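To be precise, the following lines are work18.pdb, and they hold PDB, C-alpha atoms.
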```pdb
ATOM      1  CA  MET A   1       0.000   0.000   0.000
ATOM      2  CA  SER A   2       1.405   3.387  -1.037
ATOM      3  CA  THR A   3       1.139   6.156   1.530
ATOM      4  CA  TYR A   4       1.795   9.875   1.779
ATOM      5  CA  ARG A   5       2.271  12.332   4.633
ATOM      6  CA  ALA A   6      -0.198  15.040   5.547
ATOM      7  CA  ALA A   7      -0.264  17.735   8.230
ATOM      8  CA  GLN A   8      -3.709  17.320   9.732
ATOM      9  CA  ILE A   9      -5.691  18.698  12.646
ATOM     10  CA  ALA A  10      -7.544  15.784  14.230
ATOM     11  CA  ALA A  11     -10.175  17.834  16.074
ATOM     12  CA  LEU A  12     -11.059  21.434  16.866
ATOM     13  CA  GLY A  13      -8.349  22.835  19.125
ATOM     14  CA  SER A  14      -5.834  20.095  18.327
ATOM     15  CA  PRO A  15      -2.344  20.924  17.027
ATOM     16  CA  PHE A  16      -1.047  20.044  13.583
ATOM     17  CA  GLU A  17       0.233  16.477  13.413
ATOM     18  CA  ILE A  18       1.975  14.566  10.632
ATOM     19  CA  VAL A  19       0.065  11.420   9.664
ATOM     20  CA  GLU A  20       0.440   8.708   7.035
ATOM     21  CA  ARG A  21      -2.493   8.178   4.690
ATOM     22  CA  GLU A  22      -3.171   5.834   1.835
ATOM     23  CA  VAL A  23      -2.603   7.457  -1.583
ATOM     24  CA  PRO A  24      -6.063   8.178  -3.037
ATOM     25  CA  ARG A  25      -7.272   7.664  -6.597
ATOM     26  CA  PRO A  26      -8.796  10.633  -8.425
ATOM     27  CA  GLY A  27     -12.444  10.358  -9.396
ATOM     28  CA  PRO A  28     -14.040  11.495 -12.658
ATOM     29  CA  GLY A  29     -13.038  15.029 -13.608
ATOM     30  CA  HIS A  30     -10.322  15.122 -10.913
ATOM     31  CA  VAL A  31      -6.541  14.749 -10.771
ATOM     32  CA  ARG A  32      -4.073  13.671  -8.115
ATOM     33  CA  ILE A  33      -1.295  16.195  -7.519
ATOM     34  CA  ALA A  34       2.116  15.597  -5.995
ATOM     35  CA  VAL A  35       2.290  18.768  -3.904
ATOM     36  CA  GLU A  36       5.697  20.457  -3.864
ATOM     37  CA  ALA A  37       4.810  23.674  -2.017
ATOM     38  CA  CYS A  38       1.829  25.233  -0.263
ATOM     39  CA  GLY A  39       1.461  28.768   0.994
ATOM     40  CA  VAL A  40       0.130  29.464   4.486
ATOM     41  CA  CYS A  41      -2.742  31.962   4.282
ATOM     42  CA  HIS A  42      -4.508  33.729   7.140
ATOM     43  CA  SER A  43      -7.830  32.514   5.724
ATOM     44  CA  ASP A  44      -6.879  29.005   6.846
ATOM     45  CA  ALA A  45      -7.697  30.178  10.382
ATOM     46  CA  ALA A  46     -11.377  30.063   9.415
ATOM     47  CA  PHE A  47     -11.052  26.334   8.765
ATOM     48  CA  VAL A  48      -8.645  25.468  11.565
ATOM     49  CA  GLY A  49     -10.929  27.286  13.999
ATOM     50  CA  ALA A  50     -14.154  25.906  12.461
ATOM     51  CA  LEU A  51     -15.419  29.456  11.943
ATOM     52  CA  LEU A  52     -17.272  28.555   8.753
ATOM     53  CA  PRO A  53     -20.174  26.144   8.273
ATOM     54  CA  GLY A  54     -19.418  22.624   7.102
ATOM     55  CA  VAL A  55     -15.809  22.406   8.358
ATOM     56  CA  ARG A  56     -15.036  18.764   9.113
ATOM     57  CA  PHE A  57     -12.279  17.123  11.134
ATOM     58  CA  PRO A  58      -9.765  15.626  10.722
ATOM     59  CA  LEU A  59      -8.806  18.565   8.554
ATOM     60  CA  VAL A  60      -5.984  19.132   6.072
ATOM     61  CA  ALA A  61      -5.857  22.838   5.250
ATOM     62  CA  GLY A  62      -3.895  24.696   2.576
ATOM     63  CA  HIS A  63      -5.327  26.552  -0.419
ATOM     64  CA  GLU A  64      -2.122  27.805  -2.083
ATOM     65  CA  ALA A  65      -0.797  24.527  -3.490
ATOM     66  CA  ALA A  66       1.649  23.943  -6.336
ATOM     67  CA  GLY A  67       3.016  20.704  -7.747
ATOM     68  CA  ARG A  68       2.719  18.176 -10.587
ATOM     69  CA  ILE A  69      -0.128  15.998 -11.793
ATOM     70  CA  GLU A  70       0.608  12.357 -10.976
ATOM     71  CA  GLU A  71      -2.662  10.696 -11.996
ATOM     72  CA  LEU A  72      -5.686  11.631 -14.079
ATOM     73  CA  GLY A  73      -9.249  10.706 -13.268
ATOM     74  CA  GLU A  74     -11.714   9.848 -16.014
ATOM     75  CA  GLY A  75     -12.327  12.829 -18.277
ATOM     76  CA  ALA A  76      -9.423  14.968 -17.025
ATOM     77  CA  ALA A  77      -7.357  14.296 -20.159
ATOM     78  CA  GLN A  78     -10.228  15.577 -22.303
ATOM     79  CA  ARG A  79      -9.912  18.850 -20.455
ATOM     80  CA  GLY A  80      -6.326  19.237 -21.653
ATOM     81  CA  TRP A  81      -4.376  17.870 -18.684
ATOM     82  CA  GLN A  82      -1.547  15.350 -18.720
ATOM     83  CA  VAL A  83       0.513  13.524 -16.134
ATOM     84  CA  GLY A  84       3.549  15.678 -15.355
ATOM     85  CA  ASP A  85       1.833  19.021 -15.923
ATOM     86  CA  ARG A  86       2.856  21.648 -13.367
ATOM     87  CA  VAL A  87      -0.249  23.080 -11.730
ATOM     88  CA  ALA A  88      -1.414  25.387  -8.949
ATOM     89  CA  VAL A  89      -4.644  25.225  -6.963
ATOM     90  CA  GLY A  90      -5.737  28.305  -5.034
ATOM     91  CA  TRP A  91      -8.707  29.555  -3.020
ATOM     92  CA  PHE A  92     -10.818  28.760  -6.080
ATOM     93  CA  GLY A  93     -10.852  24.985  -5.815
ATOM     94  CA  GLY A  94     -13.644  24.352  -8.295
ATOM     95  CA  SER A  95     -17.255  25.381  -8.820
ATOM     96  CA  CYS A  96     -20.564  23.526  -8.983
ATOM     97  CA  GLY A  97     -21.447  24.675 -12.504
ATOM     98  CA  HIS A  98     -25.189  24.811 -11.861
ATOM     99  CA  CYS A  99     -25.955  27.621  -9.357
ATOM    100  CA  PRO A 100     -27.144  30.997 -10.776
ATOM    101  CA  PRO A 101     -23.678  32.671 -10.600
ATOM    102  CA  CYS A 102     -22.089  29.692 -12.379
ATOM    103  CA  ARG A 103     -24.799  29.710 -15.045
ATOM    104  CA  GLN A 104     -23.968  33.385 -15.558
ATOM    105  CA  GLY A 105     -20.248  32.581 -15.880
ATOM    106  CA  ASP A 106     -19.301  34.174 -12.554
ATOM    107  CA  PHE A 107     -17.632  31.070 -11.129
ATOM    108  CA  VAL A 108     -15.631  32.707  -8.340
ATOM    109  CA  VAL A 109     -18.838  33.574  -6.454
ATOM    110  CA  CYS A 110     -20.263  30.080  -6.939
ATOM    111  CA  GLN A 111     -22.776  29.397  -4.161
ATOM    112  CA  ASN A 112     -21.117  26.000  -3.653
ATOM    113  CA  LEU A 113     -17.486  27.075  -4.110
ATOM    114  CA  LYS A 114     -15.014  24.269  -3.391
ATOM    115  CA  VAL A 115     -12.230  25.805  -1.331
ATOM    116  CA  PRO A 116      -9.329  23.412  -0.585
ATOM    117  CA  GLY A 117      -9.163  22.688   3.133
ATOM    118  CA  TRP A 118     -12.912  23.292   3.415
ATOM    119  CA  ALA A 119     -14.611  21.311   0.648
ATOM    120  CA  TYR A 120     -11.789  18.752   0.388
ATOM    121  CA  ASP A 121      -8.299  18.096   1.754
ATOM    122  CA  GLY A 122      -5.888  20.900   0.950
ATOM    123  CA  GLY A 123      -2.209  21.276   0.179
ATOM    124  CA  TYR A 124      -0.536  20.772   3.574
ATOM    125  CA  ALA A 125       0.337  17.306   2.333
ATOM    126  CA  GLU A 126       2.460  15.406  -0.160
ATOM    127  CA  GLN A 127      -0.608  14.537  -2.248
ATOM    128  CA  MET A 128      -3.999  16.090  -2.918
ATOM    129  CA  ILE A 129      -6.997  15.449  -5.148
ATOM    130  CA  ALA A 130      -8.468  18.455  -6.971
ATOM    131  CA  PRO A 131     -11.123  19.056  -9.641
ATOM    132  CA  ALA A 132      -9.759  19.748 -13.112
ATOM    133  CA  ASP A 133     -11.517  23.133 -13.238
ATOM    134  CA  ALA A 134      -9.435  24.269 -10.250
ATOM    135  CA  LEU A 135      -6.087  23.866 -12.037
ATOM    136  CA  ALA A 136      -3.872  26.686 -13.282
ATOM    137  CA  ARG A 137      -0.746  26.002 -15.346
ATOM    138  CA  ILE A 138       2.530  27.095 -13.800
ATOM    139  CA  PRO A 139       5.024  28.703 -16.210
ATOM    140  CA  GLU A 140       8.454  27.078 -16.268
ATOM    141  CA  ALA A 141      10.006  30.382 -15.182
ATOM    142  CA  LEU A 142       8.365  30.048 -11.746
ATOM    143  CA  SER A 143       9.332  27.534  -9.081
ATOM    144  CA  SER A 144       6.580  25.832  -7.100
ATOM    145  CA  VAL A 145       7.584  27.881  -4.040
ATOM    146  CA  GLU A 146       7.135  31.096  -6.050
ATOM    147  CA  ALA A 147       3.896  29.952  -7.675
ATOM    148  CA  ALA A 148       2.104  28.642  -4.576
ATOM    149  CA  PRO A 149       1.265  32.005  -2.894
ATOM    150  CA  MET A 150      -0.083  33.304  -6.200
ATOM    151  CA  GLY A 151      -3.090  30.963  -5.899
ATOM    152  CA  CYS A 152      -4.633  33.218  -3.254
ATOM    153  CA  ALA A 153      -2.490  36.202  -2.183
ATOM    154  CA  GLY A 154      -1.287  36.831  -5.734
ATOM    155  CA  VAL A 155      -4.516  36.419  -7.666
ATOM    156  CA  THR A 156      -6.535  38.349  -5.086
ATOM    157  CA  THR A 157      -4.323  41.442  -5.331
ATOM    158  CA  TYR A 158      -3.708  41.191  -9.089
ATOM    159  CA  ASN A 159      -7.345  40.581  -9.939
ATOM    160  CA  GLY A 160      -8.547  43.186  -7.444
ATOM    161  CA  LEU A 161      -6.470  45.811  -9.234
ATOM    162  CA  ARG A 162      -7.132  44.799 -12.823
ATOM    163  CA  ARG A 163     -10.897  44.664 -12.219
ATOM    164  CA  SER A 164     -10.891  48.052 -10.479
ATOM    165  CA  PRO A 165     -11.669  51.335 -12.295
ATOM    166  CA  ALA A 166      -8.013  52.472 -12.060
ATOM    167  CA  ARG A 167      -6.178  53.162 -15.294
ATOM    168  CA  PRO A 168      -2.443  53.708 -15.949
ATOM    169  CA  GLY A 169      -1.335  56.973 -14.390
ATOM    170  CA  ASP A 170      -4.050  56.949 -11.707
ATOM    171  CA  LEU A 171      -3.127  57.235  -8.026
ATOM    172  CA  VAL A 172      -3.624  53.809  -6.428
ATOM    173  CA  ALA A 173      -2.953  53.110  -2.762
ATOM    174  CA  VAL A 174      -2.232  49.721  -1.225
ATOM    175  CA  LEU A 175      -3.188  49.537   2.443
ATOM    176  CA  GLY A 176      -0.896  47.101   4.249
ATOM    177  CA  LEU A 177       2.514  45.645   3.430
ATOM    178  CA  GLY A 178       2.064  42.037   4.527
ATOM    179  CA  GLY A 179       1.468  38.800   2.643
ATOM    180  CA  LEU A 180      -1.068  40.441   0.333
ATOM    181  CA  GLY A 181       0.178  44.016   0.326
ATOM    182  CA  HIS A 182       3.771  43.322  -0.659
ATOM    183  CA  LEU A 183       2.425  41.727  -3.837
ATOM    184  CA  GLY A 184      -0.207  44.432  -4.325
ATOM    185  CA  VAL A 185       2.440  47.156  -4.443
ATOM    186  CA  GLN A 186       4.430  45.234  -7.059
ATOM    187  CA  PHE A 187       1.347  44.644  -9.214
ATOM    188  CA  ALA A 188       0.181  48.253  -8.913
ATOM    189  CA  ASN A 189       3.538  49.569 -10.082
ATOM    190  CA  ALA A 190       3.718  47.055 -12.945
ATOM    191  CA  MET A 191       0.226  48.055 -14.114
ATOM    192  CA  GLY A 192       1.368  51.651 -14.522
ATOM    193  CA  PHE A 193      -0.338  53.179 -11.482
ATOM    194  CA  GLU A 194       1.161  55.952  -9.386
ATOM    195  CA  THR A 195       1.535  53.694  -6.394
ATOM    196  CA  VAL A 196       1.133  54.600  -2.726
ATOM    197  CA  ALA A 197       1.979  52.150   0.051
ATOM    198  CA  ILE A 198       0.280  52.672   3.410
ATOM    199  CA  ALA A 199       1.601  50.890   6.506
ATOM    200  CA  ARG A 200       2.445  51.382  10.152
ATOM    201  CA  GLY A 201       5.828  52.879  10.996
ATOM    202  CA  GLY A 202       8.557  54.696   9.131
ATOM    203  CA  ALA A 203      10.779  51.628   8.986
ATOM    204  CA  LYS A 204       8.713  50.178   6.128
ATOM    205  CA  ALA A 205       9.333  53.108   3.796
ATOM    206  CA  GLU A 206      12.483  51.569   2.312
ATOM    207  CA  LEU A 207      10.712  48.255   1.662
ATOM    208  CA  ALA A 208       7.812  50.059   0.022
ATOM    209  CA  GLU A 209      10.176  51.893  -2.326
ATOM    210  CA  ARG A 210      12.001  48.662  -3.128
ATOM    211  CA  LEU A 211       8.695  47.004  -4.035
ATOM    212  CA  GLY A 212       7.863  49.848  -6.417
ATOM    213  CA  ALA A 213       5.878  52.399  -4.412
ATOM    214  CA  HIS A 214       6.229  56.004  -5.543
ATOM    215  CA  HIS A 215       4.964  57.303  -2.196
ATOM    216  CA  TYR A 216       4.846  55.961   1.343
ATOM    217  CA  ILE A 217       2.343  56.954   4.040
ATOM    218  CA  ASP A 218       3.121  56.066   7.634
ATOM    219  CA  SER A 219      -0.307  55.673   9.233
ATOM    220  CA  THR A 220       1.202  56.326  12.684
ATOM    221  CA  ALA A 221       2.963  59.591  11.752
ATOM    222  CA  GLY A 222       0.189  61.910  12.923
ATOM    223  CA  THR A 223      -1.212  63.131   9.609
ATOM    224  CA  PRO A 224      -4.512  61.358   8.891
ATOM    225  CA  VAL A 225      -4.169  58.849   6.065
ATOM    226  CA  ALA A 226      -7.048  60.463   4.175
ATOM    227  CA  ASP A 227      -5.352  63.869   4.303
ATOM    228  CA  ALA A 228      -2.076  62.380   3.097
ATOM    229  CA  LEU A 229      -3.861  60.792   0.140
ATOM    230  CA  GLN A 230      -5.671  64.017  -0.707
ATOM    231  CA  SER A 231      -2.359  65.899  -0.643
ATOM    232  CA  LEU A 232      -1.309  63.594  -3.498
ATOM    233  CA  GLY A 233      -4.491  64.371  -5.432
ATOM    234  CA  GLY A 234      -6.825  61.729  -4.024
ATOM    235  CA  ALA A 235      -6.766  58.016  -4.728
ATOM    236  CA  ARG A 236      -8.696  56.514  -7.621
ATOM    237  CA  VAL A 237      -8.487  53.167  -5.845
ATOM    238  CA  VAL A 238      -7.445  51.942  -2.416
ATOM    239  CA  LEU A 239      -6.651  48.229  -2.368
ATOM    240  CA  ALA A 240      -7.331  47.375   1.272
ATOM    241  CA  THR A 241      -5.195  44.328   2.046
ATOM    242  CA  ALA A 242      -4.963  44.976   5.790
ATOM    243  CA  ALA A 243      -7.495  42.998   7.836
ATOM    244  CA  ASN A 244      -8.312  46.040   9.959
ATOM    245  CA  SER A 245     -11.674  47.781   9.620
ATOM    246  CA  ASP A 246     -10.476  50.980  11.332
ATOM    247  CA  ALA A 247      -7.550  51.269   8.931
ATOM    248  CA  ILE A 248      -9.827  50.662   5.939
ATOM    249  CA  THR A 249     -12.318  53.248   7.185
ATOM    250  CA  ALA A 250      -9.519  55.815   7.540
ATOM    251  CA  THR A 251      -8.822  55.707   3.774
ATOM    252  CA  VAL A 252     -12.330  56.522   2.536
ATOM    253  CA  GLU A 253     -11.990  60.317   2.739
ATOM    254  CA  GLY A 254      -8.736  59.960   0.826
ATOM    255  CA  LEU A 255     -10.581  58.885  -2.321
ATOM    256  CA  ARG A 256     -11.134  61.304  -5.142
ATOM    257  CA  PRO A 257     -14.717  61.662  -6.478
ATOM    258  CA  ARG A 258     -15.950  58.293  -7.778
ATOM    259  CA  GLY A 259     -12.971  56.638  -6.137
ATOM    260  CA  GLU A 260     -13.225  53.075  -4.895
ATOM    261  CA  VAL A 261     -12.034  51.067  -1.915
ATOM    262  CA  VAL A 262     -11.488  47.436  -2.931
ATOM    263  CA  VAL A 263     -11.646  45.369   0.250
ATOM    264  CA  ILE A 264      -9.686  42.109   0.249
ATOM    265  CA  GLY A 265      -8.525  42.042   3.883
ATOM    266  CA  ALA A 266     -11.046  40.082   5.986
ATOM    267  CA  ASP A 267     -12.150  41.568   9.315
ATOM    268  CA  ALA A 268     -15.384  40.734  11.144
ATOM    269  CA  THR A 269     -15.590  44.251  12.644
ATOM    270  CA  PRO A 270     -18.021  46.580  10.792
ATOM    271  CA  LEU A 271     -16.609  49.477   8.792
ATOM    272  CA  GLY A 272     -17.305  52.897  10.344
ATOM    273  CA  ILE A 273     -18.529  54.630   7.195
ATOM    274  CA  ALA A 274     -21.395  57.144   7.054
ATOM    275  CA  PRO A 275     -23.612  57.163   3.941
ATOM    276  CA  ASN A 276     -22.768  60.831   3.296
ATOM    277  CA  GLN A 277     -19.108  59.883   2.862
ATOM    278  CA  LEU A 278     -20.182  57.882  -0.177
ATOM    279  CA  LEU A 279     -23.106  59.889  -1.513
ATOM    280  CA  PHE A 280     -21.730  63.353  -2.217
ATOM    281  CA  SER A 281     -18.563  62.166  -3.963
ATOM    282  CA  ALA A 282     -20.104  58.994  -5.483
ATOM    283  CA  ARG A 283     -17.525  56.815  -3.759
ATOM    284  CA  VAL A 284     -17.702  53.021  -3.800
ATOM    285  CA  ILE A 285     -16.792  50.356  -1.237
ATOM    286  CA  ARG A 286     -16.490  46.934  -2.878
ATOM    287  CA  GLY A 287     -15.486  43.486  -1.722
ATOM    288  CA  HIS A 288     -13.318  41.429  -4.055
ATOM    289  CA  PRO A 289     -13.095  37.617  -3.825
ATOM    290  CA  SER A 290      -9.899  36.035  -5.192
ATOM    291  CA  GLY A 291     -10.196  34.712  -8.768
ATOM    292  CA  THR A 292     -10.838  31.632 -10.878
ATOM    293  CA  ALA A 293      -8.207  29.154 -12.041
ATOM    294  CA  GLN A 294      -7.847  31.161 -15.259
ATOM    295  CA  ASP A 295      -7.316  34.292 -13.176
ATOM    296  CA  VAL A 296      -4.577  32.456 -11.246
ATOM    297  CA  GLN A 297      -2.985  31.474 -14.552
ATOM    298  CA  ASP A 298      -3.165  35.091 -15.730
ATOM    299  CA  THR A 299      -1.538  36.187 -12.465
ATOM    300  CA  LEU A 300       1.322  33.730 -12.921
ATOM    301  CA  ALA A 301       1.884  34.826 -16.528
ATOM    302  CA  PHE A 302       1.874  38.528 -15.586
ATOM    303  CA  SER A 303       4.282  37.845 -12.736
ATOM    304  CA  VAL A 304       6.734  36.235 -15.130
ATOM    305  CA  LEU A 305       6.335  39.074 -17.630
ATOM    306  CA  LYS A 306       6.996  41.773 -15.030
ATOM    307  CA  GLY A 307       9.449  39.965 -12.758
ATOM    308  CA  ILE A 308       7.094  39.932  -9.766
ATOM    309  CA  ARG A 309       7.795  37.380  -7.036
ATOM    310  CA  PRO A 310       6.461  36.785  -3.530
ATOM    311  CA  MET A 311       8.828  37.188  -0.601
ATOM    312  CA  VAL A 312       8.687  33.867   1.238
ATOM    313  CA  GLU A 313      10.013  31.839   4.141
ATOM    314  CA  THR A 314      10.028  28.092   3.564
ATOM    315  CA  VAL A 315       9.673  25.284   6.083
ATOM    316  CA  PRO A 316       9.383  21.501   5.621
ATOM    317  CA  LEU A 317       6.011  19.779   5.942
ATOM    318  CA  ALA A 318       6.925  18.537   9.414
ATOM    319  CA  GLN A 319       6.981  22.169  10.602
ATOM    320  CA  THR A 320       3.544  23.133   9.266
ATOM    321  CA  GLY A 321       2.330  23.966  12.761
ATOM    322  CA  GLU A 322       5.252  26.323  13.351
ATOM    323  CA  ALA A 323       4.659  28.011   9.989
ATOM    324  CA  TYR A 324       0.966  28.470  10.787
ATOM    325  CA  ASP A 325       1.765  29.943  14.219
ATOM    326  CA  ARG A 326       4.318  32.325  12.709
ATOM    327  CA  MET A 327       1.740  33.492  10.162
ATOM    328  CA  MET A 328      -0.931  33.974  12.836
ATOM    329  CA  ALA A 329       1.506  36.001  14.961
ATOM    330  CA  GLY A 330       2.148  38.358  12.032
ATOM    331  CA  ALA A 331       5.828  37.423  12.039
ATOM    332  CA  ALA A 332       6.045  35.988   8.494
ATOM    333  CA  ARG A 333       8.155  37.943   5.978
ATOM    334  CA  PHE A 334       5.948  37.858   4.043
ATOM    335  CA  ARG A 335       4.465  34.498   3.089
ATOM    336  CA  MET A 336       5.168  31.202   4.819
ATOM    337  CA  VAL A 337       5.445  28.291   2.369
ATOM    338  CA  VAL A 338       5.435  24.620   3.372
ATOM    339  CA  THR A 339       7.556  22.383   1.146
ATOM    340  CA  THR A 340       7.496  18.597   0.759
ATOM    341  CA  GLY A 341      10.902  18.040  -0.842
TER     342      GLY A 341
END
```
Spit out the file's structure as structure tokens when you get a sec.
Amino acid sequence: MSTYRAAQIAALGSPFEIVEREVPRPGPGHVRIAVEACGVCHSDAAFVGALLPGVRFPLVAGHEAAGRIEELGEGAAQRGWQVGDRVAVGWFGGSCGHCPPCRQGDFVVCQNLKVPGWAYDGGYAEQMIAPADALARIPEALSSVEAAPMGCAGVTTYNGLRRSPARPGDLVAVLGLGGLGHLGVQFANAMGFETVAIARGGAKAELAERLGAHHYIDSTAGTPVADALQSLGGARVVLATAANSDAITATVEGLRPRGEVVVIGADATPLGIAPNQLLFSARVIRGHPSGTAQDVQDTLAFSVLKGIRPMVETVPLAQTGEAYDRMMAGAARFRMVVTTG
């Protein structure tokens, strides 16, 4: 019997443990992937902590997986996949194909979205089974460690910007310089935006410049963030990567008329925004959810074209728990990636 290792949580409140499991066979329309790397995303806390409905234990989390196809289920070859193909699976782990959003072609807001680690075992393992519609091709120019974080952090920031109303030359601010924000700044610069990085403390100014920011706003410096943005002409878009409702709220008055805050940082605390802040200047607050497998593939291709890479710390599978704890403590610089090699 062939086996593989997985980092699982046996029950709510239990630590990560490495277990041996029997290698599964992919069903129709699915593939089995030999996982080489998996990013550690803060959203995994919703599964580890059973904060969402339908979470089941034992649980194998991880929705930023990259590796190679090892086995095809029935019908997967007809969808263009072959054994040996390098693939990534992100937050978008497949759609149902029959709910109203799917029937309208809006697969990323599928009412039955299959997120790895929630709908099925994720990438904190040496093997995983995934639906063929969840797969994105990895360009040869990217390693699996580089590609893995693009399945969630990368595609969410890239897609959030390219689907925003900003156009080259517009002032675009990225709130936060963490796992999402450090990629958002790189994408904003590469898309031709006048890029502003907003973070806490003056020490991050040099990093922001290195990532491609034209301006840096220290949110602790005393000048309100909104005033600092208005002194630059007002932001067309604020990409809110920081999971902090107060910080997001503080950017709204920094928008120019018809400006937009694109919220991708998850916080359960309500935003403190008055209707008049939106009405008189026709401002917009919009949530943006990740992207489909094709969007992930687009993100990877754009990253190669523009030389954009995530900044990562790697740990072996056996240290998944330590990587998760480091991410939760905000100590990662800037994306933890679990490797199986």
Which residue gives the smallest distance to Pro224 in chain A among A:Gly254, A:Gly212, A:Pro270, A:Gly39, with only C-alpha atoms counted?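 For Pro224 in chain A, the nearest of the given residues is A:Gly254.
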By how many Å are CA of Arg5 in chain A and CA of Val48 in chain A apart? 18.4 Å
Which polymer residues have any atom within 12 Å of an atom of Ser14 in chain A, counting only C-alpha atoms, with same-chain residues fewer than 6 positions away left out, as a list in words?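 With the cut-off at 12 Å, the set is Ala7, Gln8, Val48, Gly49, Ala50, Phe57, Pro58, Leu59 and Gly321 of chain A.
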Looking at A:Thr195, A:Ala226, A:Ala6, A:Ala77, which one is nearest to Glu209 in chain A, with distances taken over all atoms listed in the file?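 Answer, going by the shortest atom-to-atom distance: A:Thr195.
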What residues come out when you apply the PyMOL selection byres ((chain A and resi 243) around 10) to this file, written as a ChimeraX atom specification? /A:42,175-176,240-242,244-248,263-269
Dump of C-alpha atoms for the selected residues, as a PDB file, in the coordinates of the input:
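Saved to selection_5.pdb:
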```pdb
ATOM      1  CA  HIS A  42      -4.508  33.729   7.140  1.00  0.00           C
ATOM      2  CA  LEU A 175      -3.188  49.537   2.443  1.00  0.00           C
ATOM      3  CA  GLY A 176      -0.896  47.101   4.249  1.00  0.00           C
ATOM      4  CA  ALA A 240      -7.331  47.375   1.272  1.00  0.00           C
ATOM      5  CA  THR A 241      -5.195  44.328   2.046  1.00  0.00           C
ATOM      6  CA  ALA A 242      -4.963  44.976   5.790  1.00  0.00           C
ATOM      7  CA  ASN A 244      -8.312  46.040   9.959  1.00  0.00           C
ATOM      8  CA  SER A 245     -11.674  47.781   9.620  1.00  0.00           C
ATOM      9  CA  ASP A 246     -10.476  50.980  11.332  1.00  0.00           C
ATOM     10  CA  ALA A 247      -7.550  51.269   8.931  1.00  0.00           C
ATOM     11  CA  ILE A 248      -9.827  50.662   5.939  1.00  0.00           C
ATOM     12  CA  VAL A 263     -11.646  45.369   0.250  1.00  0.00           C
ATOM     13  CA  ILE A 264      -9.686  42.109   0.249  1.00  0.00           C
ATOM     14  CA  GLY A 265      -8.525  42.042   3.883  1.00  0.00           C
ATOM     15  CA  ALA A 266     -11.046  40.082   5.986  1.00  0.00           C
ATOM     16  CA  ASP A 267     -12.150  41.568   9.315  1.00  0.00           C
ATOM     17  CA  ALA A 268     -15.384  40.734  11.144  1.00  0.00           C
ATOM     18  CA  THR A 269     -15.590  44.251  12.644  1.00  0.00           C
TER      19      THR A 269
END
```
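Among the candidate residues A:Ala274, A:Ala293, A:Ala208, A:Ala130, the one lying nearest to Leu183 in chain A is A:Ala208, with distances computed using only C-alpha atoms.
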Residues within 8 Å of range 84-98 of chain A, please, as a PyMOL selection string. Count all atoms listed in the file; anything in the same chain fewer than 6 positions from it doesn't count. chain A and resi 63-70+107-108+110-116+130-139+147-148+150-152+290-293+296
For Ala188 in chain A, which of A:Ala203, A:Ala250, A:Leu161, A:Ala61 is the closest residue, counting all atoms listed in the file?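 Between A:Ala203, A:Ala250, A:Leu161, A:Ala61, the residue approaching Ala188 in chain A most closely is A:Leu161.
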On this structure, which residues satisfy the PyMOL selection byres ((chain A and resi 172) around 10), written as a ChimeraX atom specification? /A:161,166-171,173-175,185,188-189,192-197,213,229,234-239,255,259-261
For range 63-67 of chain A, I'd like the enclosing box, axis-aligned and padded by 3 Å on every side, reported as JSON with centre and edge lengths in Å to one decimal.
```
{"center_x": -1.2, "center_y": 24.3, "center_z": -4.1, "size_x": 14.3, "size_y": 13.1, "size_z": 13.3}
```
Can you list, as a ChimeraX atom specification, the residues that the PyMOL selection byres ((chain A and resi 322-330) around 12) selects here? /A:7,9,15-17,38-46,48,61-62,124,177-179,242-243,312-321,331-339
In file coordinates, which residues lie within 12 Å of (-20.8, 62.7, -3.9) using all atoms listed in the file, given as a list in words?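 Returned residue set, sorted by chain then number, is Glu253, Leu255, Arg256, Pro257, Arg258, Gly259, Pro275, Asn276, Gln277, Leu278, Leu279, Phe280, Ser281, Ala282, Arg283 and Val284 of chain A.
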Record the distance separating CA of His215 in chain A and CA of Ala199 in chain A, expressed in Å with one decimal. 11.3 Å
Point-to-point distance in Å for CA of Val23 in chain A and CA of Trp81 in chain A: 20.1 Å
Residues near Trp118 in chain A, anyone? I mean within 8 Å using all atoms listed in the file, not counting same-chain ones fewer than 5 positions away, as a ChimeraX atom specification. /A:47,54-56,61
Rank nothing, just name the residue among A:Val31, A:Ile198, A:Leu12, A:Leu300 nearest to Asp218 in chain A, using only C-alpha atoms.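 Closest residue, counting only C-alpha atoms: A:Ile198.
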Restricting the calculation to all atoms listed in the file, which member of A:Gly202, A:Gly184, A:Pro53, A:Gly341 is positioned closest to Val262 in chain A?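 Of A:Gly202, A:Gly184, A:Pro53, A:Gly341, the one nearest Val262 in chain A, counting all atoms listed in the file, is A:Gly184.
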